[in-house]
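Q: Here's a structure for you.
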Amino acid sequence: STRDEWNPCAFYYEGTYNRTYFSWIDYDGYIQCAYYDHDSNTTSSSVTVDTAYTGDRQHANPSLIVDGSGYIHVMYGGHSTAMDYKRSSNTEDISSWSTMSSPCTGTYPNLAFENGNLWVIYRDNSYDIEYKVASDASPVGDSWSAATTLVSAGSMPGYAEYPTYVQNDGSYIHVLVDDRISNTPDSRFGGVYYTRYDIVGDNWELADGTVKSPPLGSSSMDLVCGDIPYRGFHPS
């Protein structure tokens, strides 16, 4: 369910069908969803999840995931606003959507699912990276935990933090965080940082298994790489 402010996201799910679901915001601001069926080698027509989005479209690219029962979850929102949240009315079916209560206020939602728990990891209005977990009965998503701060912006070297990759491999939820140096057109990303959640151990840790307790900072995550051009431009 990886997403960021520029790229669409996709999620593969094998249940009754063998499909990859994907969602995006189109030129007119409509939140769209479609799927590719791996058995028939066909792509569905797109379905409008939400009509013309009137907020900050640059930041409103949706995150999508399918839970263990087959319900499809789509979350999106503008810059530092209440997240919009839609859940498919039926399993493995994009034709009808239910409007859910907003789970949080912030930017850049990323969804993950593990052992019946639906996670949303996002940036809050203070630029901290937070997460909430819904653990209610299927279909999940009606009731959310209180927010936990995963990464403290004050413990990072840059101006703003971006949760850009969240993925569950069955044992861990892997998270990448981009640290942007300043709010200028020629700004670099100071680094890409990594942490992971051990599902069995119920711990956040480094790649080598060293346990670290949130809120995390640059000294308690792995630095994957540093000094990255912002949007492809590297200042001299």
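Residue names in the structure tokens use chain letters A, B, ... in the order shown, residue numbers from 1 in each chain, and ligand numbers from 1 in the order shown.
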Could you tell me, as an MDAnalysis selection string, which residues of region 19-206 of chain A DSSP assigns to strand (DSSP E or B) when given the backbone?
A: chainID A and resid 19:25 31:37 42:43 47:50 63:66 72:76 81:82 84:88 97:100 105:114 117:123 129:134 148:151 160:168 172:180 188:198 203:205
Q: With region 104-116 of chain A as the partner and 9 Å as the cut-off, tabulate the residues of region 3-76 of chain A that qualify, each row holding the nearest pair of atoms and their distance in Å to one decimal, using only C-alpha atoms, sorted by chain and rising number, as a tab-separated table.
A:
residue	atom	partner	partner_atom	distance
A:Arg3	CA	A:Asn110	CA	6.7
A:Asp4	CA	A:Tyr108	CA	6.4
A:Glu5	CA	A:Tyr108	CA	7.0
A:His59	CA	A:Tyr108	CA	7.0
A:Ala60	CA	A:Tyr108	CA	7.8
A:Asn61	CA	A:Tyr108	CA	8.2
A:Pro62	CA	A:Pro109	CA	7.7
A:Ser63	CA	A:Asn110	CA	5.8
A:Leu64	CA	A:Leu111	CA	6.7
A:Ile65	CA	A:Leu111	CA	6.3
A:Val66	CA	A:Phe113	CA	7.9
A:Asp67	CA	A:Phe113	CA	6.1
A:Gly68	CA	A:Gly116	CA	6.7
A:Ser69	CA	A:Gly116	CA	8.8
A:His73	CA	A:Leu111	CA	8.4
A:Val74	CA	A:Leu111	CA	8.6
A:Met75	CA	A:Pro109	CA	6.7
A:Tyr76	CA	A:Pro109	CA	6.6
Q: Please save N, CA, C and O atoms of the selected residues as a compact mmCIF listing (two decimals), in the first residue's frame.
A:
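Okay, selection-v3.txt is ready:
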# COMPACT_ATOMS: atom_id res chain seq x y z
N ARG A 3 2.50 4.65 -0.81
CA ARG A 3 2.01 5.82 -1.52
C ARG A 3 2.83 7.03 -1.08
O ARG A 3 3.51 7.03 -0.07
N ASP A 4 2.80 8.08 -1.89
CA ASP A 4 3.30 9.38 -1.47
C ASP A 4 2.47 10.42 -2.19
O ASP A 4 1.44 10.12 -2.77
N GLU A 5 2.90 11.69 -2.15
CA GLU A 5 2.04 12.74 -2.69
C GLU A 5 2.00 12.76 -4.20
O GLU A 5 1.22 13.49 -4.80
N HIS A 59 -1.67 16.79 -2.22
CA HIS A 59 -1.40 15.89 -1.10
C HIS A 59 -2.44 14.79 -0.95
O HIS A 59 -2.37 14.00 -0.01
N ALA A 60 -3.42 14.72 -1.85
CA ALA A 60 -4.58 13.87 -1.62
C ALA A 60 -4.51 12.52 -2.32
O ALA A 60 -5.51 11.81 -2.39
N ASN A 61 -3.35 12.14 -2.85
CA ASN A 61 -3.26 10.82 -3.47
C ASN A 61 -3.57 9.74 -2.43
O ASN A 61 -3.03 9.76 -1.33
N PRO A 62 -4.45 8.80 -2.75
CA PRO A 62 -4.94 7.88 -1.73
C PRO A 62 -3.98 6.73 -1.42
O PRO A 62 -3.14 6.35 -2.23
N SER A 63 -4.15 6.21 -0.22
CA SER A 63 -3.53 4.95 0.18
C SER A 63 -4.61 3.88 0.17
O SER A 63 -5.76 4.14 0.52
N LEU A 64 -4.25 2.68 -0.24
CA LEU A 64 -5.23 1.58 -0.37
C LEU A 64 -4.66 0.31 0.24
O LEU A 64 -3.46 0.03 0.10
N ILE A 65 -5.53 -0.46 0.88
CA ILE A 65 -5.16 -1.80 1.34
C ILE A 65 -6.40 -2.67 1.39
O ILE A 65 -7.54 -2.16 1.46
N VAL A 66 -6.20 -3.98 1.33
CA VAL A 66 -7.28 -4.95 1.47
C VAL A 66 -7.03 -5.72 2.77
O VAL A 66 -5.91 -6.21 3.00
N ASP A 67 -8.04 -5.79 3.63
CA ASP A 67 -7.84 -6.49 4.91
C ASP A 67 -8.00 -8.00 4.74
O ASP A 67 -8.24 -8.50 3.64
N GLY A 68 -7.84 -8.73 5.82
CA GLY A 68 -7.86 -10.19 5.75
C GLY A 68 -9.17 -10.79 5.33
O GLY A 68 -9.22 -11.95 4.87
N SER A 69 -10.26 -10.03 5.45
CA SER A 69 -11.58 -10.52 5.03
C SER A 69 -11.91 -10.14 3.60
O SER A 69 -12.89 -10.63 3.04
N HIS A 73 -9.88 -0.78 1.71
CA HIS A 73 -9.85 0.48 2.46
C HIS A 73 -9.06 1.51 1.66
O HIS A 73 -7.97 1.21 1.17
N VAL A 74 -9.62 2.72 1.55
CA VAL A 74 -8.97 3.81 0.83
C VAL A 74 -8.99 5.04 1.74
O VAL A 74 -10.04 5.42 2.26
N MET A 75 -7.82 5.65 1.92
CA MET A 75 -7.71 6.82 2.79
C MET A 75 -6.92 7.91 2.07
O MET A 75 -5.94 7.63 1.39
N TYR A 76 -7.33 9.17 2.27
CA TYR A 76 -6.71 10.29 1.56
C TYR A 76 -7.10 11.58 2.27
O TYR A 76 -8.02 11.61 3.09
Q: Determine which residues of region 16-227 of chain A receive a DSSP assignment of helix (DSSP H, G or I), computed from the backbone, and state them as a PyMOL selection string.
A: chain A and resi 57-59+153-155+218-220
Q: Store the residues of this selection in a file with all heavy atoms, as a PDB file, in the first residue's frame.
A:
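Output file selection.pdb follows:
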ATOM      1  N   ARG A  57      -5.262  18.967  -3.594  1.00  0.00           N
ATOM      2  CA  ARG A  57      -5.136  17.763  -4.418  1.00  0.00           C
ATOM      3  C   ARG A  57      -3.715  17.243  -4.499  1.00  0.00           C
ATOM      4  O   ARG A  57      -3.499  16.055  -4.712  1.00  0.00           O
ATOM      5  CB  ARG A  57      -5.682  18.048  -5.824  1.00  0.00           C
ATOM      6  CG  ARG A  57      -7.164  18.351  -5.842  1.00  0.00           C
ATOM      7  CD  ARG A  57      -7.666  18.632  -7.251  1.00  0.00           C
ATOM      8  NE  ARG A  57      -9.070  19.025  -7.243  1.00  0.00           N
ATOM      9  CZ  ARG A  57      -9.740  19.372  -8.326  1.00  0.00           C
ATOM     10  NH1 ARG A  57      -9.138  19.370  -9.508  1.00  0.00           N
ATOM     11  NH2 ARG A  57     -11.012  19.715  -8.253  1.00  0.00           N
ATOM     12  N   GLN A  58      -2.740  18.120  -4.359  1.00  0.00           N
ATOM     13  CA  GLN A  58      -1.355  17.664  -4.442  1.00  0.00           C
ATOM     14  C   GLN A  58      -1.049  16.627  -3.371  1.00  0.00           C
ATOM     15  O   GLN A  58      -0.258  15.713  -3.584  1.00  0.00           O
ATOM     16  CB  GLN A  58      -0.388  18.843  -4.291  1.00  0.00           C
ATOM     17  CG  GLN A  58       1.081  18.432  -4.347  1.00  0.00           C
ATOM     18  CD  GLN A  58       2.022  19.593  -4.105  1.00  0.00           C
ATOM     19  OE1 GLN A  58       1.579  20.705  -3.833  1.00  0.00           O
ATOM     20  NE2 GLN A  58       3.314  19.348  -4.211  1.00  0.00           N
ATOM     21  N   HIS A  59      -1.666  16.788  -2.216  1.00  0.00           N
ATOM     22  CA  HIS A  59      -1.397  15.893  -1.099  1.00  0.00           C
ATOM     23  C   HIS A  59      -2.443  14.789  -0.949  1.00  0.00           C
ATOM     24  O   HIS A  59      -2.369  13.997  -0.015  1.00  0.00           O
ATOM     25  CB  HIS A  59      -1.336  16.689   0.202  1.00  0.00           C
ATOM     26  CG  HIS A  59      -0.202  17.646   0.275  1.00  0.00           C
ATOM     27  ND1 HIS A  59      -0.258  18.914  -0.261  1.00  0.00           N
ATOM     28  CD2 HIS A  59       1.045  17.514   0.806  1.00  0.00           C
ATOM     29  CE1 HIS A  59       0.888  19.534  -0.049  1.00  0.00           C
ATOM     30  NE2 HIS A  59       1.702  18.709   0.586  1.00  0.00           N
ATOM     31  N   ALA A 153       9.522  14.837  15.160  1.00  0.00           N
ATOM     32  CA  ALA A 153      10.169  15.774  14.248  1.00  0.00           C
ATOM     33  C   ALA A 153      11.312  16.515  14.932  1.00  0.00           C
ATOM     34  O   ALA A 153      12.307  16.862  14.300  1.00  0.00           O
ATOM     35  CB  ALA A 153       9.142  16.762  13.706  1.00  0.00           C
ATOM     36  N   GLY A 154      11.188  16.750  16.243  1.00  0.00           N
ATOM     37  CA  GLY A 154      12.232  17.454  16.978  1.00  0.00           C
ATOM     38  C   GLY A 154      13.507  16.653  17.135  1.00  0.00           C
ATOM     39  O   GLY A 154      14.547  17.216  17.502  1.00  0.00           O
ATOM     40  N   SER A 155      13.460  15.353  16.874  1.00  0.00           N
ATOM     41  CA  SER A 155      14.640  14.493  16.971  1.00  0.00           C
ATOM     42  C   SER A 155      15.225  14.168  15.607  1.00  0.00           C
ATOM     43  O   SER A 155      16.089  13.295  15.493  1.00  0.00           O
ATOM     44  CB  SER A 155      14.278  13.186  17.700  1.00  0.00           C
ATOM     45  OG  SER A 155      13.833  13.447  19.009  1.00  0.00           O
ATOM     46  N   SER A 218      16.546  10.399  14.477  1.00  0.00           N
ATOM     47  CA  SER A 218      17.582   9.985  13.535  1.00  0.00           C
ATOM     48  C   SER A 218      18.590   9.035  14.154  1.00  0.00           C
ATOM     49  O   SER A 218      19.165   8.192  13.462  1.00  0.00           O
ATOM     50  CB  SER A 218      18.300  11.218  12.975  1.00  0.00           C
ATOM     51  OG  SER A 218      18.881  11.975  14.022  1.00  0.00           O
ATOM     52  N   SER A 219      18.824   9.138  15.467  1.00  0.00           N
ATOM     53  CA  SER A 219      19.797   8.272  16.129  1.00  0.00           C
ATOM     54  C   SER A 219      19.227   6.916  16.509  1.00  0.00           C
ATOM     55  O   SER A 219      19.976   6.022  16.920  1.00  0.00           O
ATOM     56  CB  SER A 219      20.345   8.960  17.387  1.00  0.00           C
ATOM     57  OG  SER A 219      19.307   9.174  18.332  1.00  0.00           O
ATOM     58  N   SER A 220      17.910   6.735  16.372  1.00  0.00           N
ATOM     59  CA  SER A 220      17.288   5.465  16.752  1.00  0.00           C
ATOM     60  C   SER A 220      16.605   4.780  15.575  1.00  0.00           C
ATOM     61  O   SER A 220      15.744   3.919  15.754  1.00  0.00           O
ATOM     62  CB  SER A 220      16.294   5.680  17.899  1.00  0.00           C
ATOM     63  OG  SER A 220      15.389   6.727  17.615  1.00  0.00           O
TER      64      SER A 220
END
Q: For each of A:Thr149, A:Thr20, A:Ser95, A:Ser89, take the minimum atom-to-atom distance to Val47 (chain A), counting only C-alpha atoms, then give the residue where this is smallest.
A: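 Counting only C-alpha atoms, the residue closest to Val47 (chain A) is A:Ser95.
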Q: Taking only C-alpha atoms into account, name the residue in A:Val166, A:Ser46, A:Tyr159, A:Ala134 that is nearest to Asp26 (chain A).
A: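 Using only C-alpha atoms, Asp26 (chain A) sits closest to A:Ser46.
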Q: Pick the closest to Trp97 (chain A) from A:Val151, A:Val224, A:Val49, A:Met156: which is it, counting only C-alpha atoms?
A: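 The answer is A:Val49, which sits nearest to Trp97 (chain A).
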Q: Using only C-alpha atoms, which residues sit within 12 Å of Asn203 (chain A) once same-chain residues fewer than 3 positions away are excluded, as an MDAnalysis selection string?
A: chainID A and resid 150 171:173 195:200 206 209:214
Q: For the residues in the current selection, export all heavy atoms as a short mmCIF file (atom, residue, chain, number, x, y, z; two decimals), in the first residue's frame.
A:
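The new file result.cif reads:
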data_model
loop_
_atom_site.label_atom_id
_atom_site.label_comp_id
_atom_site.auth_asym_id
_atom_site.auth_seq_id
_atom_site.Cartn_x
_atom_site.Cartn_y
_atom_site.Cartn_z
N LEU A 150 5.42 7.86 16.51
CA LEU A 150 6.47 6.94 16.08
C LEU A 150 7.78 7.66 15.89
O LEU A 150 8.84 7.19 16.34
CB LEU A 150 6.06 6.24 14.78
CG LEU A 150 7.10 5.31 14.15
CD1 LEU A 150 7.46 4.18 15.12
CD2 LEU A 150 6.58 4.74 12.84
N SER A 171 5.95 -10.80 9.04
CA SER A 171 6.70 -10.80 10.29
C SER A 171 6.94 -9.40 10.82
O SER A 171 7.01 -9.18 12.03
CB SER A 171 8.06 -11.49 10.09
OG SER A 171 7.90 -12.84 9.70
N TYR A 172 7.09 -8.44 9.89
CA TYR A 172 7.40 -7.07 10.26
C TYR A 172 6.55 -6.10 9.44
O TYR A 172 6.21 -6.39 8.29
CB TYR A 172 8.88 -6.74 10.01
CG TYR A 172 9.86 -7.64 10.73
CD1 TYR A 172 10.43 -8.73 10.08
CD2 TYR A 172 10.21 -7.38 12.05
CE1 TYR A 172 11.33 -9.55 10.75
CE2 TYR A 172 11.11 -8.19 12.71
CZ TYR A 172 11.67 -9.28 12.06
OH TYR A 172 12.56 -10.08 12.72
N ILE A 173 6.29 -4.93 10.03
CA ILE A 173 5.80 -3.79 9.27
C ILE A 173 7.00 -2.89 9.05
O ILE A 173 7.59 -2.36 10.00
CB ILE A 173 4.68 -3.05 10.01
CG1 ILE A 173 3.46 -3.96 10.17
CG2 ILE A 173 4.29 -1.78 9.25
CD1 ILE A 173 2.33 -3.34 10.97
N THR A 195 12.80 1.96 9.97
CA THR A 195 12.48 1.25 11.20
C THR A 195 11.48 0.15 10.86
O THR A 195 10.90 0.15 9.78
CB THR A 195 11.90 2.20 12.27
OG1 THR A 195 11.70 1.48 13.50
CG2 THR A 195 10.56 2.79 11.84
N ARG A 196 11.31 -0.79 11.77
CA ARG A 196 10.34 -1.85 11.54
C ARG A 196 9.67 -2.25 12.85
O ARG A 196 10.26 -2.12 13.93
CB ARG A 196 10.99 -3.06 10.89
CG ARG A 196 11.94 -3.84 11.80
CD ARG A 196 12.64 -4.95 11.04
NE ARG A 196 13.41 -5.81 11.94
CZ ARG A 196 14.26 -6.75 11.53
NH1 ARG A 196 14.44 -6.95 10.23
NH2 ARG A 196 14.91 -7.48 12.41
N TYR A 197 8.44 -2.73 12.71
CA TYR A 197 7.67 -3.21 13.85
C TYR A 197 7.67 -4.72 13.82
O TYR A 197 7.24 -5.34 12.84
CB TYR A 197 6.24 -2.67 13.80
CG TYR A 197 5.34 -3.23 14.86
CD1 TYR A 197 5.47 -2.86 16.19
CD2 TYR A 197 4.33 -4.14 14.53
CE1 TYR A 197 4.64 -3.39 17.18
CE2 TYR A 197 3.50 -4.67 15.50
CZ TYR A 197 3.65 -4.28 16.82
OH TYR A 197 2.82 -4.80 17.78
N ASP A 198 8.17 -5.34 14.89
CA ASP A 198 8.17 -6.80 15.03
C ASP A 198 6.79 -7.22 15.51
O ASP A 198 6.40 -6.95 16.65
CB ASP A 198 9.25 -7.21 16.04
CG ASP A 198 9.35 -8.71 16.22
OD1 ASP A 198 8.41 -9.45 15.82
OD2 ASP A 198 10.36 -9.17 16.76
N ILE A 199 6.03 -7.86 14.64
CA ILE A 199 4.63 -8.19 14.94
C ILE A 199 4.53 -9.15 16.12
O ILE A 199 3.70 -8.98 17.02
CB ILE A 199 3.95 -8.78 13.69
CG1 ILE A 199 3.86 -7.70 12.59
CG2 ILE A 199 2.56 -9.32 14.02
CD1 ILE A 199 3.39 -8.23 11.25
N VAL A 200 5.38 -10.17 16.16
CA VAL A 200 5.34 -11.15 17.25
C VAL A 200 5.88 -10.55 18.54
O VAL A 200 5.30 -10.69 19.62
CB VAL A 200 6.14 -12.42 16.87
CG1 VAL A 200 6.21 -13.38 18.06
CG2 VAL A 200 5.49 -13.12 15.68
N LEU A 206 15.62 -1.69 14.93
CA LEU A 206 16.49 -1.48 13.79
C LEU A 206 16.50 -2.73 12.91
O LEU A 206 15.97 -3.78 13.28
CB LEU A 206 17.91 -1.17 14.25
CG LEU A 206 18.11 0.04 15.16
CD1 LEU A 206 19.56 0.12 15.60
CD2 LEU A 206 17.69 1.31 14.46
N GLY A 209 17.65 -5.92 14.51
CA GLY A 209 16.86 -6.45 15.60
C GLY A 209 17.01 -5.70 16.91
O GLY A 209 16.34 -6.05 17.89
N THR A 210 17.85 -4.68 16.95
CA THR A 210 18.00 -3.89 18.17
C THR A 210 16.70 -3.13 18.45
O THR A 210 16.22 -2.38 17.61
CB THR A 210 19.15 -2.88 18.03
OG1 THR A 210 20.36 -3.58 17.75
CG2 THR A 210 19.31 -2.08 19.31
N VAL A 211 16.15 -3.34 19.64
CA VAL A 211 14.87 -2.74 20.00
C VAL A 211 15.05 -1.26 20.31
O VAL A 211 15.98 -0.87 21.03
CB VAL A 211 14.24 -3.48 21.19
CG1 VAL A 211 12.97 -2.76 21.67
CG2 VAL A 211 13.93 -4.92 20.83
N LYS A 212 14.17 -0.43 19.77
CA LYS A 212 14.15 1.00 20.02
C LYS A 212 12.73 1.41 20.39
O LYS A 212 11.77 0.98 19.75
CB LYS A 212 14.61 1.78 18.79
CG LYS A 212 16.04 1.49 18.35
CD LYS A 212 17.06 2.02 19.36
CE LYS A 212 18.49 1.78 18.89
NZ LYS A 212 19.49 2.34 19.83
N SER A 213 12.59 2.25 21.39
CA SER A 213 11.27 2.64 21.87
C SER A 213 10.87 3.99 21.29
O SER A 213 11.64 4.96 21.39
CB SER A 213 11.26 2.72 23.40
OG SER A 213 11.54 1.46 23.97
N PRO A 214 9.69 4.08 20.69
CA PRO A 214 9.20 5.38 20.21
C PRO A 214 8.97 6.35 21.37
O PRO A 214 8.74 5.91 22.50
CB PRO A 214 7.88 5.02 19.53
CG PRO A 214 7.97 3.55 19.24
CD PRO A 214 8.78 2.99 20.36
#
Q: Report, in Å to a single decimal, how far apart CA of Ser145 (chain A) and CA of Tyr71 (chain A) are.
A: 19.8 Å
Q: Need the shell around region 174-178 of chain A: protein/DNA/RNA residues with any atom at most 7 Å away, counting only C-alpha atoms. Skip same-chain ones fewer than 2 positions apart. Format as a PyMOL selection string?
A: chain A and resi 161-168+172+180+189+191-197
Q: Which residue is closest to Arg87 (chain A)? Choose from A:Thr148, A:Ser138, A:Asn18, A:Asn117 and count only C-alpha atoms.
A: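 Looking at the shortest contact to Arg87 (chain A), the residue is A:Ser138.
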Q: Taking into account only C-alpha atoms, which residue in the set A:Thr16, A:Thr51, A:Ser102, A:Ser143 is nearest to Tyr85 (chain A)?
A: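 Among A:Thr16, A:Thr51, A:Ser102, A:Ser143, it is A:Ser102 that comes nearest to Tyr85 (chain A).
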Q: Extract, using only C-alpha atoms, all DNA, RNA and protein residues at most 6 Å from Tyr35 (chain A), discarding same-chain residues fewer than 3 positions from it, and format them as a CSV table (one decimal) with all heavy atoms, in the first residue's frame.
A:
chain,number,residue,atom,x,y,z
A,20,THR,N,-5.0,-7.4,-8.3
A,20,THR,CA,-4.3,-6.3,-7.8
A,20,THR,C,-5.2,-5.0,-7.9
A,20,THR,O,-5.6,-4.7,-8.9
A,20,THR,CB,-3.0,-6.0,-8.5
A,20,THR,OG1,-2.1,-7.1,-8.3
A,20,THR,CG2,-2.3,-4.7,-8.0
A,21,TYR,N,-5.4,-4.4,-6.7
A,21,TYR,CA,-6.3,-3.2,-6.6
A,21,TYR,C,-5.4,-2.0,-6.6
A,21,TYR,O,-4.3,-2.0,-6.0
A,21,TYR,CB,-7.2,-3.3,-5.4
A,21,TYR,CG,-8.1,-4.5,-5.4
A,21,TYR,CD1,-7.7,-5.7,-4.8
A,21,TYR,CD2,-9.4,-4.4,-5.9
A,21,TYR,CE1,-8.5,-6.8,-4.8
A,21,TYR,CE2,-10.2,-5.4,-5.8
A,21,TYR,CZ,-9.8,-6.6,-5.3
A,21,TYR,OH,-10.7,-7.7,-5.3
A,22,PHE,N,-5.8,-0.9,-7.3
A,22,PHE,CA,-5.0,0.3,-7.3
A,22,PHE,C,-6.0,1.5,-7.2
A,22,PHE,O,-7.1,1.4,-7.7
A,22,PHE,CB,-4.0,0.4,-8.4
A,22,PHE,CG,-4.6,-0.1,-9.8
A,22,PHE,CD1,-5.0,0.9,-10.7
A,22,PHE,CD2,-4.6,-1.4,-10.1
A,22,PHE,CE1,-5.5,0.5,-11.9
A,22,PHE,CE2,-5.1,-1.8,-11.3
A,22,PHE,CZ,-5.6,-0.9,-12.2
A,43,THR,N,-8.1,-5.7,-17.0
A,43,THR,CA,-8.2,-4.6,-16.1
A,43,THR,C,-9.6,-4.0,-16.1
A,43,THR,O,-10.2,-3.9,-17.1
A,43,THR,CB,-7.3,-3.4,-16.5
A,43,THR,OG1,-5.9,-3.9,-16.5
A,43,THR,CG2,-7.3,-2.3,-15.5
A,44,SER,N,-10.2,-3.8,-14.9
A,44,SER,CA,-11.5,-3.3,-14.8
A,44,SER,C,-11.6,-1.9,-15.2
A,44,SER,O,-10.6,-1.2,-15.3
A,44,SER,CB,-12.0,-3.5,-13.3
A,44,SER,OG,-11.4,-2.5,-12.5
Q: Go through A:Asp227, A:Asp50, A:Asp84, A:Asp124 and flag the residue nearest Ile25 (chain A), using only C-alpha atoms for the distances.
A: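 For Ile25 (chain A), the nearest of the candidates is A:Asp50.
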Q: If you measure from CA of Tyr53 (chain A) to CA of Asp28 (chain A), what distance in Å do you get, rounded to one decimal?
A: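 That distance, rounded to one decimal, is 8.1 Å.
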